>>> print(open('structure-v2.tsv').read())   # TSV, C-alpha atoms and all ligand atoms
chain	number	residue	atom	x	y	z
A	69	MET	CA	27.95	-17.81	71.79
A	70	SER	CA	24.90	-17.64	74.00
A	71	GLU	CA	21.48	-17.17	72.45
A	72	PRO	CA	20.57	-13.50	72.02
A	73	VAL	CA	17.76	-12.48	74.34
A	74	GLN	CA	14.69	-11.51	72.35
A	75	THR	CA	12.95	-8.51	73.80
A	76	PRO	CA	9.23	-8.90	73.28
A	77	GLN	CA	7.50	-5.61	72.52
A	78	THR	CA	4.80	-6.28	75.06
A	79	PHE	CA	5.48	-3.28	77.25
A	80	PRO	CA	2.49	-1.01	77.83
A	81	THR	CA	2.65	2.20	75.81
A	82	ARG	CA	4.29	4.97	77.80
A	83	ILE	CA	5.61	8.24	76.40
A	84	PHE	CA	8.65	10.08	77.75
A	85	SER	CA	10.43	13.17	76.48
A	86	GLY	CA	12.62	15.96	77.78
A	87	ILE	CA	13.91	19.44	77.03
A	88	GLN	CA	17.12	21.03	78.28
A	89	PRO	CA	16.92	24.28	80.24
A	90	SER	CA	20.07	25.56	78.60
A	91	GLY	CA	18.70	28.79	77.15
A	92	GLY	CA	15.51	30.15	75.65
A	93	MET	CA	12.99	28.13	73.70
A	94	THR	CA	12.74	28.40	69.93
A	95	LEU	CA	10.01	27.80	67.39
A	96	GLY	CA	11.94	24.59	66.61
A	97	ASN	CA	11.45	23.35	70.19
A	98	TYR	CA	7.80	24.32	70.02
A	99	LEU	CA	6.93	22.70	66.69
A	100	GLY	CA	9.33	19.73	66.95
A	101	ALA	CA	8.55	18.92	70.58
A	102	LEU	CA	6.19	20.94	72.82
A	103	LYS	CA	3.22	21.15	70.46
A	104	ARG	CA	3.42	17.43	69.82
A	105	PHE	CA	3.79	16.63	73.54
A	106	ALA	CA	0.41	18.25	74.16
A	107	GLU	CA	-1.18	16.51	71.16
A	108	ILE	CA	0.03	13.10	72.32
A	109	GLN	CA	-1.22	13.79	75.86
A	110	ASN	CA	-4.61	14.78	74.43
A	111	LYS	CA	-4.89	11.48	72.61
A	112	GLY	CA	-4.99	9.85	76.03
A	113	ALA	CA	-1.51	8.28	76.20
A	114	GLU	CA	0.40	8.04	79.49
A	115	THR	CA	2.85	10.93	79.16
A	116	ILE	CA	5.89	11.83	81.25
A	117	TYR	CA	7.71	15.07	80.44
A	118	CYS	CA	10.91	16.30	82.00
A	119	VAL	CA	13.01	19.45	82.20
A	120	VAL	CA	16.44	17.85	81.96
A	121	ASP	CA	18.52	20.08	84.23
A	122	LEU	CA	21.24	17.43	84.74
A	123	HIS	CA	21.81	17.44	81.00
A	124	ALA	CA	22.06	21.24	80.93
A	125	ILE	CA	24.99	21.25	83.41
A	126	THR	CA	27.17	19.16	81.06
A	127	VAL	CA	28.24	22.62	79.93
A	128	TRP	CA	28.66	25.42	82.48
A	129	GLN	CA	25.44	27.16	83.53
A	130	ASP	CA	25.09	30.21	85.68
A	131	PRO	CA	23.19	28.81	88.72
A	132	GLU	CA	20.67	31.65	88.91
A	133	ALA	CA	20.04	31.50	85.15
A	134	LEU	CA	19.62	27.73	85.33
A	135	ARG	CA	16.92	28.05	88.00
A	136	ARG	CA	15.10	30.67	85.92
A	137	GLN	CA	15.38	28.68	82.69
A	138	THR	CA	14.17	25.50	84.39
A	139	ARG	CA	11.03	27.30	85.52
A	140	GLU	CA	10.69	28.94	82.10
A	141	ILE	CA	10.76	25.58	80.30
A	142	ALA	CA	8.22	24.21	82.77
A	143	ALA	CA	6.05	27.25	82.02
A	144	ALA	CA	6.51	26.63	78.28
A	145	PHE	CA	5.33	23.04	78.64
A	146	ILE	CA	2.18	24.15	80.45
A	147	ALA	CA	1.54	27.13	78.15
A	148	SER	CA	1.81	24.78	75.16
A	149	GLY	CA	-0.95	22.57	76.53
A	150	VAL	CA	0.83	20.02	78.72
A	151	ASP	CA	-1.53	19.66	81.68
A	152	PRO	CA	0.32	18.70	84.88
A	153	SER	CA	-2.73	16.81	86.11
A	154	ARG	CA	-2.87	14.61	82.99
A	155	SER	CA	0.88	14.33	82.29
A	156	ILE	CA	3.70	14.01	84.78
A	157	LEU	CA	5.85	17.16	84.53
A	158	PHE	CA	9.00	17.50	86.63
A	159	ASN	CA	12.67	18.41	86.60
A	160	GLN	CA	15.16	15.60	86.25
A	161	SER	CA	17.41	16.28	89.26
A	162	GLN	CA	14.52	15.81	91.71
A	163	VAL	CA	14.20	12.15	90.74
A	164	THR	CA	17.49	10.55	91.74
A	165	ALA	CA	16.72	7.35	89.81
A	166	HIS	CA	17.87	9.12	86.60
A	167	ALA	CA	21.44	9.66	87.81
A	168	GLU	CA	21.59	6.26	89.50
A	169	LEU	CA	20.39	4.35	86.44
A	170	ALA	CA	22.74	6.43	84.27
A	171	TRP	CA	25.66	5.07	86.31
A	172	LEU	CA	24.51	1.51	85.67
A	173	PHE	CA	24.28	2.35	81.96
A	174	ASN	CA	27.76	3.92	82.03
A	175	CYS	CA	28.93	0.43	82.87
A	176	VAL	CA	26.90	-1.19	80.07
A	177	ALA	CA	27.52	1.30	77.24
A	178	ARG	CA	30.91	1.48	75.47
A	179	ILE	CA	33.08	4.60	75.30
A	180	GLY	CA	33.31	4.24	71.52
A	181	TRP	CA	29.52	4.61	71.25
A	182	MET	CA	29.78	7.96	72.99
A	183	TYR	CA	32.63	9.28	70.85
A	184	ARG	CA	30.57	8.56	67.73
A	185	MET	CA	27.73	10.90	68.73
A	186	THR	CA	27.57	13.87	66.36
A	187	GLN	CA	26.20	16.09	69.14
A	188	PHE	CA	29.27	15.34	71.26
A	189	LYS	CA	31.52	16.16	68.30
A	190	ASP	CA	29.65	19.42	67.63
A	191	LYS	CA	29.54	20.54	71.26
A	192	SER	CA	33.07	19.53	72.21
A	193	GLY	CA	34.53	21.07	69.03
A	194	LYS	CA	38.28	20.99	68.57
A	195	ASN	CA	38.92	20.66	72.28
A	196	ALA	CA	37.20	17.37	73.12
A	197	GLU	CA	39.74	16.48	75.83
A	198	ASN	CA	38.75	19.57	77.72
A	199	SER	CA	34.97	18.98	77.69
A	200	SER	CA	33.25	17.65	80.77
A	201	LEU	CA	33.03	13.92	81.30
A	202	GLY	CA	29.29	14.50	81.62
A	203	LEU	CA	29.12	15.80	78.04
A	204	LEU	CA	30.61	12.54	76.78
A	205	ALA	CA	28.29	10.41	78.96
A	206	TYR	CA	25.26	12.59	78.10
A	207	PRO	CA	23.48	9.90	76.00
A	208	SER	CA	23.80	7.37	78.81
A	209	LEU	CA	21.83	9.71	81.09
A	210	MET	CA	19.33	10.23	78.28
A	211	ALA	CA	18.85	6.45	78.03
A	212	ALA	CA	18.33	6.40	81.81
A	213	ASP	CA	15.68	9.15	81.54
A	214	ILE	CA	13.72	7.01	79.12
A	215	LEU	CA	14.31	3.54	80.51
A	216	ALA	CA	13.75	4.49	84.17
A	217	TYR	CA	10.10	4.54	83.08
A	218	LYS	CA	10.35	1.69	80.55
A	219	ALA	CA	9.05	4.26	78.09
A	220	THR	CA	8.09	2.71	74.77
A	221	HIS	CA	7.86	5.87	72.64
A	222	VAL	CA	9.84	9.11	72.64
A	223	PRO	CA	8.63	12.11	70.62
A	224	VAL	CA	11.60	14.23	69.51
A	225	GLY	CA	12.92	16.30	66.62
A	226	GLU	CA	15.21	14.74	64.05
A	227	ASP	CA	18.40	15.93	65.81
A	228	GLN	CA	17.80	13.45	68.65
A	229	LYS	CA	17.58	10.38	66.40
A	230	GLN	CA	21.13	9.21	67.01
A	231	HIS	CA	20.73	9.50	70.79
A	232	LEU	CA	17.62	7.36	70.61
A	233	GLU	CA	19.43	4.72	68.60
A	234	LEU	CA	21.98	4.62	71.40
A	235	THR	CA	19.18	4.24	73.96
A	236	ARG	CA	18.01	1.21	71.99
A	237	ASP	CA	21.55	-0.18	71.91
A	238	ILE	CA	21.87	0.20	75.69
A	239	ALA	CA	18.53	-1.54	76.32
A	240	ILE	CA	19.48	-4.39	73.97
A	241	LYS	CA	22.93	-4.81	75.52
A	242	PHE	CA	21.57	-4.75	79.09
A	243	ASN	CA	18.93	-7.36	78.20
A	244	HIS	CA	21.55	-9.46	76.48
A	245	ASP	CA	24.29	-9.14	79.13
A	246	TYR	CA	21.93	-10.11	81.96
A	247	LYS	CA	19.77	-12.48	79.91
A	248	VAL	CA	16.50	-10.77	80.83
A	249	PRO	CA	13.99	-9.04	78.57
A	250	PHE	CA	13.86	-6.21	81.11
A	251	PHE	CA	13.98	-2.96	79.14
A	252	PRO	CA	11.85	-2.13	76.09
A	253	VAL	CA	13.56	-1.21	72.85
A	254	THR	CA	12.14	2.29	72.61
A	255	GLU	CA	10.71	3.71	69.39
A	256	PRO	CA	11.43	7.32	68.45
A	257	LEU	CA	8.41	9.33	67.27
A	258	ILE	CA	9.81	11.74	64.71
A	259	GLU	CA	6.71	12.85	62.85
A	260	GLY	CA	4.99	15.80	61.24
A	261	ALA	CA	6.01	18.75	59.08
A	262	ALA	CA	8.45	20.27	61.56
A	263	THR	CA	10.83	17.54	62.70
A	264	LYS	CA	13.71	19.81	61.70
A	265	VAL	CA	12.95	23.53	61.69
A	266	MET	CA	15.85	25.31	60.01
A	267	SER	CA	17.53	28.65	60.70
A	268	LEU	CA	15.79	31.68	59.16
A	269	ARG	CA	19.19	32.88	57.89
A	270	ASP	CA	20.59	29.61	56.50
A	271	GLY	CA	18.40	26.74	55.30
A	272	SER	CA	21.19	24.22	55.83
A	273	LYS	CA	21.44	24.86	59.59
A	274	LYS	CA	19.02	23.80	62.33
A	275	MET	CA	17.16	26.58	64.15
A	276	SER	CA	18.91	26.58	67.50
A	277	LYS	CA	18.98	28.48	70.77
A	278	SER	CA	22.77	28.43	70.60
A	279	ASP	CA	23.06	30.16	67.18
A	280	PRO	CA	24.92	33.47	67.73
A	281	SER	CA	22.43	35.30	65.49
A	282	ASP	CA	19.09	36.06	67.15
A	283	GLN	CA	17.70	36.73	63.65
A	284	SER	CA	18.16	33.03	62.85
A	285	ARG	CA	15.40	31.95	65.22
A	286	ILE	CA	12.03	32.81	66.66
A	287	ASN	CA	12.11	32.65	70.44
A	288	LEU	CA	8.99	31.77	72.40
A	289	THR	CA	9.54	35.00	74.30
A	290	ASP	CA	9.62	37.22	71.16
A	291	ASP	CA	6.82	39.79	70.88
A	292	ALA	CA	4.56	40.10	67.83
A	293	ASP	CA	6.61	42.86	66.15
A	294	THR	CA	9.86	40.92	66.57
A	295	ILE	CA	8.32	37.75	65.13
A	296	ALA	CA	6.92	39.64	62.13
A	297	ALA	CA	10.26	41.41	61.50
A	298	LYS	CA	12.25	38.17	61.69
A	299	ILE	CA	9.94	36.44	59.21
A	300	ARG	CA	10.00	39.45	56.87
A	301	LYS	CA	13.80	39.35	56.87
A	302	ALA	CA	14.03	35.54	56.61
A	303	LYS	CA	16.28	34.42	53.77
A	304	THR	CA	14.39	33.18	50.69
A	305	ASP	CA	14.95	33.18	46.93
A	306	ALA	CA	13.46	35.21	44.09
A	307	GLU	CA	11.18	32.46	42.75
A	308	PRO	CA	7.47	32.30	43.52
A	309	LEU	CA	6.09	29.29	45.41
A	310	PRO	CA	5.82	26.27	43.09
A	311	GLU	CA	2.81	24.15	42.18
A	312	SER	CA	4.07	21.09	44.07
A	313	LEU	CA	6.56	20.12	46.78
A	314	ASP	CA	8.95	18.78	44.14
A	315	GLY	CA	9.58	22.37	43.12
A	316	LEU	CA	11.08	23.06	46.59
A	317	LYS	CA	13.72	20.35	46.33
A	318	ASP	CA	16.74	22.62	46.02
A	319	ARG	CA	15.22	25.58	47.84
A	320	PRO	CA	15.89	24.82	51.54
A	321	GLU	CA	14.89	28.26	52.87
A	322	ALA	CA	11.61	28.27	50.94
A	323	ARG	CA	10.90	24.70	52.02
A	324	ASN	CA	11.54	25.64	55.64
A	325	LEU	CA	8.99	28.47	55.60
A	326	VAL	CA	6.42	26.16	53.97
A	327	ASN	CA	7.07	23.52	56.65
A	328	ILE	CA	6.70	26.10	59.42
A	329	PHE	CA	3.42	27.32	57.91
A	330	ALA	CA	2.19	23.72	57.65
A	331	ALA	CA	3.11	22.83	61.23
A	332	LEU	CA	1.60	26.01	62.68
A	333	SER	CA	-1.65	25.64	60.73
A	334	GLY	CA	-1.95	21.87	61.17
A	335	GLN	CA	-1.87	21.26	57.40
A	336	THR	CA	0.46	19.15	55.29
A	337	PRO	CA	3.24	20.95	53.36
A	338	GLU	CA	1.53	19.71	50.17
A	339	ALA	CA	-1.68	21.53	51.11
A	340	VAL	CA	0.25	24.75	51.85
A	341	VAL	CA	2.01	24.64	48.47
A	342	THR	CA	-1.30	24.03	46.71
A	343	GLU	CA	-2.88	26.99	48.51
A	344	PHE	CA	-0.02	29.38	47.74
A	345	ALA	CA	1.07	28.08	44.30
A	346	GLY	CA	2.46	30.99	42.27
A	347	ALA	CA	2.53	33.41	45.23
A	348	GLN	CA	5.62	35.57	45.81
A	349	PHE	CA	7.31	35.55	49.22
A	350	GLY	CA	6.29	39.19	49.50
A	351	SER	CA	2.72	37.99	50.02
A	352	PHE	CA	3.45	34.62	51.69
A	353	LYS	CA	5.65	36.02	54.46
A	354	PRO	CA	3.04	38.40	55.93
A	355	ARG	CA	0.55	35.52	56.03
A	356	LEU	CA	3.12	33.37	57.80
A	357	ALA	CA	3.96	36.16	60.25
A	358	GLU	CA	0.27	36.63	61.03
A	359	LEU	CA	-0.17	32.90	61.62
A	360	ALA	CA	2.96	32.68	63.81
A	361	VAL	CA	1.83	35.59	65.97
A	362	GLU	CA	-1.70	34.19	66.24
A	363	LYS	CA	-0.37	30.84	67.48
A	364	LEU	CA	2.58	31.98	69.60
A	365	ALA	CA	1.27	35.14	71.30
A	366	PRO	CA	-1.14	33.26	73.62
A	367	ILE	CA	1.67	30.88	74.58
A	368	THR	CA	4.06	33.72	75.37
A	369	ALA	CA	1.36	35.49	77.40
A	370	GLU	CA	0.61	32.32	79.37
A	371	MET	CA	4.33	31.72	80.00
A	372	ASN	CA	4.66	35.24	81.37
A	373	ARG	CA	1.63	34.75	83.59
A	374	LEU	CA	3.02	31.50	84.99
A	375	MET	CA	6.51	32.95	85.47
A	376	ALA	CA	5.04	35.61	87.75
A	377	ASP	CA	4.46	32.86	90.35
A	378	PRO	CA	7.66	30.79	90.56
A	379	GLY	CA	6.44	29.16	93.80
A	380	GLU	CA	3.52	27.60	91.93
A	381	ILE	CA	5.84	26.27	89.20
A	382	ASP	CA	8.09	24.73	91.86
A	383	ARG	CA	5.06	23.14	93.49
A	384	ILE	CA	3.99	21.60	90.15
A	385	LEU	CA	7.51	20.28	89.51
A	386	GLY	CA	7.73	18.83	93.03
A	387	ASP	CA	4.39	17.07	92.68
A	388	GLY	CA	5.45	15.70	89.27
A	389	ALA	CA	8.76	14.51	90.74
A	390	ASN	CA	6.95	12.52	93.46
A	391	ARG	CA	4.74	10.83	90.88
A	392	ALA	CA	7.71	10.18	88.56
A	393	ALA	CA	9.81	8.69	91.39
A	394	ALA	CA	6.98	6.31	92.29
A	395	ILE	CA	7.35	4.78	88.80
A	396	ALA	CA	11.12	5.02	88.41
A	397	GLN	CA	12.34	3.80	91.82
A	398	PRO	CA	11.00	0.23	91.55
A	399	ILE	CA	12.37	-0.08	87.99
A	400	LEU	CA	15.78	1.15	89.18
A	401	ALA	CA	15.68	-1.26	92.14
A	402	GLU	CA	14.94	-4.16	89.83
A	403	ALA	CA	17.77	-3.18	87.46
A	404	GLN	CA	20.17	-3.00	90.45
A	405	GLN	CA	19.02	-6.40	91.62
A	406	ILE	CA	19.43	-7.90	88.12
A	407	MET	CA	23.03	-6.61	88.09
A	408	GLY	CA	23.79	-8.20	91.45
A	409	LEU	CA	23.71	-5.15	93.72
A	410	ILE	CA	22.39	-5.92	97.20
A	411	ARG	CA	19.50	-3.80	98.42
A	412	SER	CA	18.32	-4.26	101.96
A	413	ARG	CA	14.60	-3.75	102.43
A	501	LIG	P1	16.84	19.90	73.28
A	501	LIG	O1	16.63	20.51	74.62
A	501	LIG	O2	17.98	20.35	72.46
A	501	LIG	O3	15.54	20.06	72.40
A	501	LIG	C1	14.25	19.71	72.91
A	501	LIG	C2	13.38	19.12	71.80
A	501	LIG	O4	13.24	20.06	70.73
A	501	LIG	C3	13.59	19.45	69.51
A	501	LIG	N1	14.19	20.48	68.62
A	501	LIG	C4	13.79	20.70	67.37
A	501	LIG	N2	12.82	20.13	66.62
A	501	LIG	C5	12.67	20.59	65.35
A	501	LIG	N3	13.43	21.58	64.82
A	501	LIG	C6	14.41	22.19	65.55
A	501	LIG	N4	15.14	23.17	65.02
A	501	LIG	C7	14.63	21.74	66.88
A	501	LIG	N5	15.50	22.11	67.87
A	501	LIG	C8	15.21	21.31	68.93
A	501	LIG	C9	14.61	18.38	69.88
A	501	LIG	O5	14.71	17.39	68.89
A	501	LIG	C10	14.01	17.86	71.17
A	501	LIG	O6	12.99	16.91	70.90
A	501	LIG	N6	18.92	15.50	74.47
A	501	LIG	C11	17.66	16.22	74.39
A	501	LIG	C12	16.95	16.30	75.71
A	501	LIG	C13	16.68	14.99	76.36
A	501	LIG	C14	15.71	14.04	75.99
A	501	LIG	C15	15.81	13.00	76.94
A	501	LIG	C16	14.78	13.99	74.95
A	501	LIG	C17	17.32	14.51	77.47
A	501	LIG	N7	16.78	13.34	77.80
A	501	LIG	C18	15.00	11.87	76.86
A	501	LIG	C19	13.98	12.84	74.87
A	501	LIG	C20	14.08	11.83	75.82
A	501	LIG	C21	17.97	17.65	73.93
A	501	LIG	O7	19.04	18.15	74.11
A	501	LIG	O8	16.89	18.30	73.41
>>> encode(input="structure-v2.tsv", output="structure tokens", more="lines below")
Ligand code: TYM
Amino acid sequence: MSEPVQTPQTFPTRIFSGIQPSGGMTLGNYLGALKRFAEIQNKGAETIYCVVDLHAITVWQDPEALRRQTREIAAAFIASGVDPSRSILFNQSQVTAHAELAWLFNCVARIGWMYRMTQFKDKSGKNAENSSLGLLAYPSLMAADILAYKATHVPVGEDQKQHLELTRDIAIKFNHDYKVPFFPVTEPLIEGAATKVMSLRDGSKKMSKSDPSDQSRINLTDDADTIAAKIRKAKTDAEPLPESLDGLKDRPEARNLVNIFAALSGQTPEAVVTEFAGAQFGSFKPRLAELAVEKLAPITAEMNRLMADPGEIDRILGDGANRAAAIAQPILAEAQQIMGLIRSR
């Protein structure tokens, strides 16, 4: 056995994350991802954010809808506080290094790793043989997104944890197979009160854009009345809010609303429970609805304003793609060279 290659964690801090343009954005995407992307940018980190259109086409997308959704997600990034002059913001397919590095990783990663992914099992359902090859290889492209920039940290919601473990496995195997400490072993950043926002109808299910019930989620495009109505109708139980978080242990729906309140208001769930101890949901829900509208309405308005000028969004994405490619291309070229592929200069 050869000596395992130790990967020193001496890579400069660089943040990367992405969102799929495969439908509308939910409060889960906002609290678990977008809001945190802006916060991390504002702390001064080097931040690269991507609308992952190549991931979206692993299941069929109507081409016109895909173009609109790509721009809509870009607008959501900006409306949530991602500043395209301080972060790099672009769509994945414009930087060809992602697809090229993904191919290299397809040859490093093992098929068995892909079959084990719970998201593949969920999305392929009973008919796995009939899903696209891209859906199976999805995490390899995700590893390429991250490692094309040698990103050290990736802010995501809890549902992406397994994919990030696979990204780490790919980096470790590449470094080991070619005996070079070339890629960083990326750390997931899964932090805060809203790493897993649950459905408003079922506290055991994630809030998701693909849930058939629109009542289960708050969309970033919902107006104030819709948001208030959805929160009013959200499933809860008959008990008042407890004195401490322990009292929410077996009350997933109640816990979810407390977490949402905490994330929207920038408090801890403990502080929210202390503030509302003994309150009935009849009084808590209107306060939550008010807070949600106060925080989301300006974002929705800004998204709508940006969407009125698609040319400007395309210009921003194009500029971001040029800046992203300037970082990714040399890293790809070096990975190709390490693997023995000839590149003429
Ligand atoms: P996607 O597009 O499904 O979701 C985008 C981000 O939103 C988070 N999220 C949630 N967070 C909390 N509660 C929820 N209910 C909730 N729903 C979604 C997700 O965790 C994610 O952070 N595979 C990724 C996209 C991707 C990517 C990447 C992410 C492709 N390449 C590289 C990071 C780095 C996905 O499908 O996310």
>>> residues_around(input="structure-v2.tsv", residues="range 171-179 of chain A", least_positions_apart="4", cutoff="12 Å", atoms="only C-alpha atoms", output="short mmCIF file (atom, residue, chain, number, x, y, z; two decimals) with C-alpha atoms, in the frame of the given file")
data_model
loop_
_atom_site.label_atom_id
_atom_site.label_comp_id
_atom_site.auth_asym_id
_atom_site.auth_seq_id
_atom_site.Cartn_x
_atom_site.Cartn_y
_atom_site.Cartn_z
CA THR A 164 17.49 10.55 91.74
CA ALA A 165 16.72 7.35 89.81
CA HIS A 166 17.87 9.12 86.60
CA ALA A 167 21.44 9.66 87.81
CA TYR A 183 32.63 9.28 70.85
CA ARG A 184 30.57 8.56 67.73
CA MET A 185 27.73 10.90 68.73
CA LEU A 201 33.03 13.92 81.30
CA GLY A 202 29.29 14.50 81.62
CA LEU A 204 30.61 12.54 76.78
CA ALA A 205 28.29 10.41 78.96
CA TYR A 206 25.26 12.59 78.10
CA PRO A 207 23.48 9.90 76.00
CA SER A 208 23.80 7.37 78.81
CA LEU A 209 21.83 9.71 81.09
CA MET A 210 19.33 10.23 78.28
CA ALA A 211 18.85 6.45 78.03
CA ALA A 212 18.33 6.40 81.81
CA ASP A 213 15.68 9.15 81.54
CA ILE A 214 13.72 7.01 79.12
CA LEU A 215 14.31 3.54 80.51
CA ALA A 216 13.75 4.49 84.17
CA LEU A 234 21.98 4.62 71.40
CA THR A 235 19.18 4.24 73.96
CA ARG A 236 18.01 1.21 71.99
CA ASP A 237 21.55 -0.18 71.91
CA ILE A 238 21.87 0.20 75.69
CA ALA A 239 18.53 -1.54 76.32
CA ILE A 240 19.48 -4.39 73.97
CA LYS A 241 22.93 -4.81 75.52
CA PHE A 242 21.57 -4.75 79.09
CA ASN A 243 18.93 -7.36 78.20
CA HIS A 244 21.55 -9.46 76.48
CA ASP A 245 24.29 -9.14 79.13
CA TYR A 246 21.93 -10.11 81.96
CA PHE A 251 13.98 -2.96 79.14
CA LEU A 400 15.78 1.15 89.18
CA ALA A 401 15.68 -1.26 92.14
CA GLU A 402 14.94 -4.16 89.83
CA ALA A 403 17.77 -3.18 87.46
CA GLN A 404 20.17 -3.00 90.45
CA GLN A 405 19.02 -6.40 91.62
CA ILE A 406 19.43 -7.90 88.12
CA MET A 407 23.03 -6.61 88.09
CA GLY A 408 23.79 -8.20 91.45
CA LEU A 409 23.71 -5.15 93.72
#
>>> closest_residue(input="structure-v2.tsv", among="A:Asp377, A:Asp279, A:Glu114, A:Asp130", to="ligand LIG 501 (chain A)", atoms="all atoms listed in the file")
A:Asp279
>>> residues_around(input="structure-v2.tsv", residues="range 324-339 of chain A", least_positions_apart="3", cutoff="6 Å", atoms="all atoms listed in the file", output="PDB file with C-alpha atoms, in the frame of the given file")
ATOM      1  CA  ALA A 261       6.010  18.750  59.080  1.00  0.00           C
ATOM      2  CA  ALA A 262       8.450  20.270  61.560  1.00  0.00           C
ATOM      3  CA  GLU A 321      14.890  28.260  52.870  1.00  0.00           C
ATOM      4  CA  THR A 342      -1.300  24.030  46.710  1.00  0.00           C
TER       5      THR A 342
END
>>> atom_distance(input="structure-v2.tsv", atom1="CA of Ala113 in chain A", atom2="CA of Ala389 in chain A")
18.9 Å
>>> atom_distance(input="structure-v2.tsv", atom1="atom C9 of ligand LIG 501 (chain A)", atom2="CA of Arg136 in chain A")
20.2 Å
>>> closest_atom_pairs(input="structure-v2.tsv", of="chain A", to="ligand LIG 501 (chain A)", cutoff="9 Å", atoms="all atoms listed in the file", output="Markdown table")
| residue | atom | partner | partner_atom | distance |
| --- | --- | --- | --- | --- |
| A:Phe84 | CA | A:LIG501 | C20 | 6.0 |
| A:Ser85 | CA | A:LIG501 | C19 | 3.9 |
| A:Gly86 | CA | A:LIG501 | C14 | 4.1 |
| A:Ile87 | CA | A:LIG501 | O1 | 3.8 |
| A:Gln88 | CA | A:LIG501 | O1 | 3.7 |
| A:Pro89 | CA | A:LIG501 | O1 | 6.8 |
| A:Ser90 | CA | A:LIG501 | O1 | 7.3 |
| A:Gly91 | CA | A:LIG501 | O1 | 8.9 |
| A:Met93 | CA | A:LIG501 | O1 | 8.5 |
| A:Thr94 | CA | A:LIG501 | N5 | 7.2 |
| A:Leu95 | CA | A:LIG501 | N4 | 7.3 |
| A:Gly96 | CA | A:LIG501 | C6 | 3.6 |
| A:Asn97 | CA | A:LIG501 | O4 | 3.8 |
| A:Tyr98 | CA | A:LIG501 | O4 | 6.9 |
| A:Leu99 | CA | A:LIG501 | C5 | 6.3 |
| A:Gly100 | CA | A:LIG501 | N2 | 3.5 |
| A:Ala101 | CA | A:LIG501 | O4 | 4.8 |
| A:Leu102 | CA | A:LIG501 | O4 | 7.4 |
| A:Tyr117 | CA | A:LIG501 | C20 | 8.5 |
| A:Cys118 | CA | A:LIG501 | C15 | 7.8 |
| A:Val119 | CA | A:LIG501 | C17 | 8.1 |
| A:Val120 | CA | A:LIG501 | C17 | 5.7 |
| A:Asp121 | CA | A:LIG501 | C17 | 8.8 |
| A:Leu122 | CA | A:LIG501 | C17 | 8.8 |
| A:His123 | CA | A:LIG501 | C17 | 6.4 |
| A:Ala124 | CA | A:LIG501 | O7 | 8.1 |
| A:Gln160 | CA | A:LIG501 | N7 | 8.9 |
| A:Gln187 | CA | A:LIG501 | O7 | 9.0 |
| A:Tyr206 | CA | A:LIG501 | N6 | 7.9 |
| A:Pro207 | CA | A:LIG501 | N6 | 7.4 |
| A:Leu209 | CA | A:LIG501 | N7 | 7.0 |
| A:Met210 | CA | A:LIG501 | N7 | 4.1 |
| A:Ala211 | CA | A:LIG501 | C18 | 6.8 |
| A:Ala212 | CA | A:LIG501 | C18 | 8.1 |
| A:Asp213 | CA | A:LIG501 | C18 | 5.5 |
| A:Ile214 | CA | A:LIG501 | C18 | 5.5 |
| A:Val222 | CA | A:LIG501 | C20 | 6.0 |
| A:Pro223 | CA | A:LIG501 | O6 | 6.5 |
| A:Val224 | CA | A:LIG501 | O6 | 3.3 |
| A:Gly225 | CA | A:LIG501 | O5 | 3.1 |
| A:Glu226 | CA | A:LIG501 | O5 | 5.5 |
| A:Asp227 | CA | A:LIG501 | O5 | 5.0 |
| A:Gln228 | CA | A:LIG501 | O5 | 5.0 |
| A:Lys229 | CA | A:LIG501 | O5 | 8.0 |
| A:His231 | CA | A:LIG501 | N6 | 7.3 |
| A:Leu232 | CA | A:LIG501 | C20 | 7.7 |
| A:Pro256 | CA | A:LIG501 | C19 | 8.8 |
| A:Ile258 | CA | A:LIG501 | O5 | 8.6 |
| A:Ala262 | CA | A:LIG501 | C5 | 5.7 |
| A:Thr263 | CA | A:LIG501 | C5 | 4.4 |
| A:Lys264 | CA | A:LIG501 | N3 | 3.6 |
| A:Val265 | CA | A:LIG501 | N3 | 3.7 |
| A:Met266 | CA | A:LIG501 | N4 | 5.5 |
| A:Ser267 | CA | A:LIG501 | N4 | 7.4 |
| A:Lys273 | CA | A:LIG501 | N4 | 8.5 |
| A:Lys274 | CA | A:LIG501 | N4 | 4.8 |
| A:Met275 | CA | A:LIG501 | N4 | 4.1 |
| A:Ser276 | CA | A:LIG501 | N5 | 5.6 |
| A:Lys277 | CA | A:LIG501 | N5 | 7.8 |
| A:Arg285 | CA | A:LIG501 | N4 | 8.8 |
